>>> print(open('my_file24.txt').read())   # compact mmCIF, C-alpha atoms
# COMPACT_ATOMS: atom_id res chain seq x y z
CA MET A 1 9.53 -26.55 -19.03
CA THR A 2 7.36 -24.85 -16.45
CA THR A 3 6.79 -21.11 -16.40
CA ALA A 4 5.97 -21.09 -12.68
CA GLN A 5 8.53 -18.92 -10.95
CA ARG A 6 9.80 -18.16 -7.47
CA LEU A 7 9.73 -14.38 -7.15
CA GLN A 8 11.02 -12.03 -4.52
CA ILE A 9 9.68 -8.59 -3.77
CA VAL A 10 12.66 -6.28 -4.20
CA PRO A 11 13.12 -4.22 -1.01
CA SER A 12 13.52 -0.91 -2.88
CA GLN A 13 10.79 1.42 -4.05
CA PHE A 14 11.19 2.62 -7.62
CA MET A 15 10.12 5.57 -9.72
CA ILE A 16 9.89 5.79 -13.49
CA GLU A 17 10.87 8.96 -15.34
CA HIS A 18 10.60 10.05 -18.94
CA LEU A 19 13.24 12.53 -20.11
CA PRO A 20 12.14 13.55 -23.62
CA ASN A 21 15.30 15.47 -24.59
CA ALA A 22 17.97 13.38 -22.89
CA VAL A 23 20.23 10.67 -24.22
CA PHE A 24 21.71 9.92 -20.79
CA PRO A 25 20.72 11.04 -17.27
CA GLU A 26 22.80 13.71 -15.56
CA ASP A 27 23.49 11.44 -12.58
CA ASP A 28 24.41 7.81 -12.04
CA GLU A 29 21.61 6.96 -9.62
CA TRP A 30 19.60 4.92 -12.10
CA ILE A 31 18.70 1.22 -12.14
CA ALA A 32 17.76 0.83 -15.82
CA LEU A 33 17.72 3.02 -18.93
CA VAL A 34 15.89 2.63 -22.23
CA ARG A 35 16.63 5.06 -25.03
CA ALA A 36 13.91 5.42 -27.67
CA PRO A 37 13.02 7.96 -30.37
CA GLU A 38 10.69 9.77 -27.94
CA GLY A 39 13.39 10.16 -25.27
CA LEU A 40 14.94 8.36 -22.34
CA THR A 41 13.07 6.22 -19.82
CA VAL A 42 14.80 5.98 -16.45
CA ILE A 43 14.04 3.58 -13.60
CA ARG A 44 15.61 4.61 -10.32
CA GLU A 45 15.11 4.11 -6.61
CA ALA A 46 12.54 6.56 -5.31
CA PRO A 47 14.01 8.85 -2.67
CA PRO A 48 11.98 8.84 0.55
CA TYR A 49 11.30 12.58 0.27
CA ALA A 50 10.08 12.52 -3.35
CA GLU A 51 6.36 12.85 -4.01
CA VAL A 52 6.21 10.45 -6.95
CA ARG A 53 4.29 7.39 -8.02
CA ARG A 54 6.07 4.50 -6.31
CA TRP A 55 6.50 1.05 -7.78
CA LEU A 56 7.58 -2.23 -6.17
CA GLY A 57 9.52 -4.84 -8.08
CA LEU A 58 9.08 -8.57 -8.42
CA TYR A 59 12.17 -10.46 -9.60
CA ALA A 60 12.79 -14.18 -10.16
CA VAL A 61 14.97 -15.88 -7.54
CA GLU A 62 16.25 -18.44 -10.05
CA PRO A 63 17.46 -17.18 -13.44
CA HIS A 64 15.98 -18.55 -16.63
CA ASP A 65 17.67 -19.16 -19.96
CA LEU A 66 17.33 -16.51 -22.67
CA ASP A 67 15.69 -19.15 -24.88
CA ALA A 68 12.99 -19.91 -22.31
CA THR A 69 9.62 -18.96 -23.73
CA GLY A 70 6.60 -17.65 -21.88
CA MET A 71 8.41 -16.58 -18.72
CA LEU A 72 7.39 -12.91 -18.88
CA ALA A 73 3.92 -13.74 -20.22
CA ALA A 74 3.41 -16.05 -17.23
CA LEU A 75 3.84 -13.03 -14.96
CA VAL A 76 2.16 -10.20 -16.83
CA GLY A 77 -0.82 -12.29 -17.94
CA PRO A 78 -2.22 -12.88 -14.45
CA LEU A 79 -1.46 -9.27 -13.48
CA SER A 80 -3.31 -8.01 -16.55
CA ASP A 81 -6.25 -10.31 -15.78
CA ALA A 82 -6.35 -8.75 -12.29
CA GLY A 83 -6.31 -5.22 -13.76
CA ILE A 84 -2.85 -4.41 -12.37
CA PRO A 85 -0.63 -2.17 -14.51
CA VAL A 86 3.00 -3.20 -14.93
CA PHE A 87 6.27 -1.74 -16.13
CA VAL A 88 8.95 -4.26 -17.08
CA ALA A 89 12.72 -4.13 -17.36
CA SER A 90 14.27 -7.36 -18.57
CA THR A 91 17.74 -8.47 -17.58
CA TYR A 92 20.00 -11.22 -18.84
CA HIS A 93 18.69 -13.60 -16.15
CA ALA A 94 15.09 -12.59 -15.47
CA ASP A 95 12.50 -9.83 -15.67
CA LEU A 96 11.98 -7.04 -13.16
CA VAL A 97 8.22 -6.57 -13.09
CA LEU A 98 7.20 -3.32 -11.43
CA VAL A 99 3.70 -2.84 -10.04
CA PRO A 100 2.25 0.22 -8.32
CA GLU A 101 3.13 0.08 -4.63
CA HIS A 102 -0.49 0.33 -3.48
CA LEU A 103 -1.39 -2.78 -5.54
CA ILE A 104 1.35 -5.13 -4.29
CA ALA A 105 -1.05 -7.25 -2.21
CA GLU A 106 -3.38 -7.75 -5.19
CA ALA A 107 -0.40 -8.46 -7.47
CA THR A 108 1.01 -11.02 -5.05
CA ALA A 109 -2.38 -12.73 -4.76
CA ALA A 110 -2.81 -12.87 -8.55
CA LEU A 111 0.65 -14.35 -9.05
CA LYS A 112 0.18 -16.93 -6.32
CA GLU A 113 -3.18 -17.92 -7.79
CA ALA A 114 -1.39 -18.43 -11.13
CA GLY A 115 1.04 -20.88 -9.50
CA HIS A 116 3.99 -18.63 -8.68
CA GLN A 117 5.68 -18.37 -5.30
CA VAL A 118 6.20 -14.84 -3.97
CA ILE A 119 8.70 -14.08 -1.20
CA ASP A 120 8.67 -10.73 0.60
CA SER A 121 12.35 -9.91 1.05
CA ALA A 122 11.69 -6.76 3.06
>>> encode(input="my_file24.txt", output="structure tokens")
Amino acid sequence: MTTAQRLQIVPSQFMIEHLPNAVFPEDDEWIALVRAPEGLTVIREAPPYAEVRRWLGLYAVEPHDLDATGMLAALVGPLSDAGIPVFVASTYHADLVLVPEHLIAEATAALKEAGHQVIDSA
């Protein structure tokens, strides 16, 4: 099985929040939640008016089986080698790999060089 993937750039911009004393956000405007001993991590769409660090998402066009090995490593490895930080939220079908908005061109180039196809869906 190949780990080369067809990825799309998700059209939304995201922000990542850490809420140390929360078990659930006060609103329902979130994309993903992870509850851990140190608090709640929230991924949500970044409002256009918010002055926050913005992230863009890369998501596989075709889902992969839960038993498929190396799929996430095939994405984060080349990004790490290129010095690009990532934040990942995995779903049942694929992984949402977030990269800082200002590094999307470098991220796309690194993934393409590693054999992935990247589609800009914007």
>>> residues_around(input="my_file24.txt", residues="range 40-56 of chain A", least_positions_apart="6", cutoff="6 Å", atoms="all atoms listed in the file", output="ChimeraX atom specification")
/A:13-19,22,30-34,98-101
>>> atom_distance(input="my_file24.txt", atom1="CA of Thr69 in chain A", atom2="CA of Leu7 in chain A")
17.2 Å
>>> atom_distance(input="my_file24.txt", atom1="CA of Gly70 in chain A", atom2="CA of Tyr92 in chain A")
15.2 Å
>>> atom_distance(input="my_file24.txt", atom1="CA of Glu29 in chain A", atom2="CA of Met71 in chain A")
28.5 Å
>>> residues_around(input="my_file24.txt", residues="range 60-65 of chain A", least_positions_apart="3", cutoff="8 Å", atoms="only C-alpha atoms", output="mmCIF file with C-alpha atoms, in the coordinates of the input")
data_model
loop_
_atom_site.group_PDB
_atom_site.id
_atom_site.type_symbol
_atom_site.label_atom_id
_atom_site.label_comp_id
_atom_site.auth_asym_id
_atom_site.auth_seq_id
_atom_site.Cartn_x
_atom_site.Cartn_y
_atom_site.Cartn_z
ATOM 1 C CA GLN A 5 8.530 -18.920 -10.950
ATOM 2 C CA ARG A 6 9.800 -18.160 -7.470
ATOM 3 C CA LEU A 7 9.730 -14.380 -7.150
ATOM 4 C CA GLN A 8 11.020 -12.030 -4.520
ATOM 5 C CA ALA A 68 12.990 -19.910 -22.310
ATOM 6 C CA HIS A 93 18.690 -13.600 -16.150
ATOM 7 C CA ALA A 94 15.090 -12.590 -15.470
ATOM 8 C CA ASP A 95 12.500 -9.830 -15.670
ATOM 9 C CA LEU A 96 11.980 -7.040 -13.160
#
>>> residues_around(input="my_file24.txt", residues="Pro37 in chain A", least_positions_apart="5", cutoff="10 Å", atoms="only C-alpha atoms", output="number ranges by chain")
A: 20-21, 23
>>> closest_residue(input="my_file24.txt", among="A:Ala73, A:Val118, A:Ala109, A:Ala36", to="Leu58 in chain A", atoms="all atoms listed in the file")
A:Val118
>>> closest_residue(input="my_file24.txt", among="A:Val97, A:Leu79, A:Ala89, A:Ile9", to="Asp120 in chain A", atoms="all atoms listed in the file")
A:Ile9
>>> residues_around(input="my_file24.txt", residues="Leu111 in chain A", least_positions_apart="2", cutoff="9 Å", atoms="all atoms listed in the file", output="VMD selection string")
chain A and resid 74 to 76 78 to 79 106 to 109 113 to 118
>>> closest_residue(input="my_file24.txt", among="A:Gly77, A:Gly39, A:Gly57, A:Pro85", to="Val10 in chain A", atoms="only C-alpha atoms")
A:Gly57
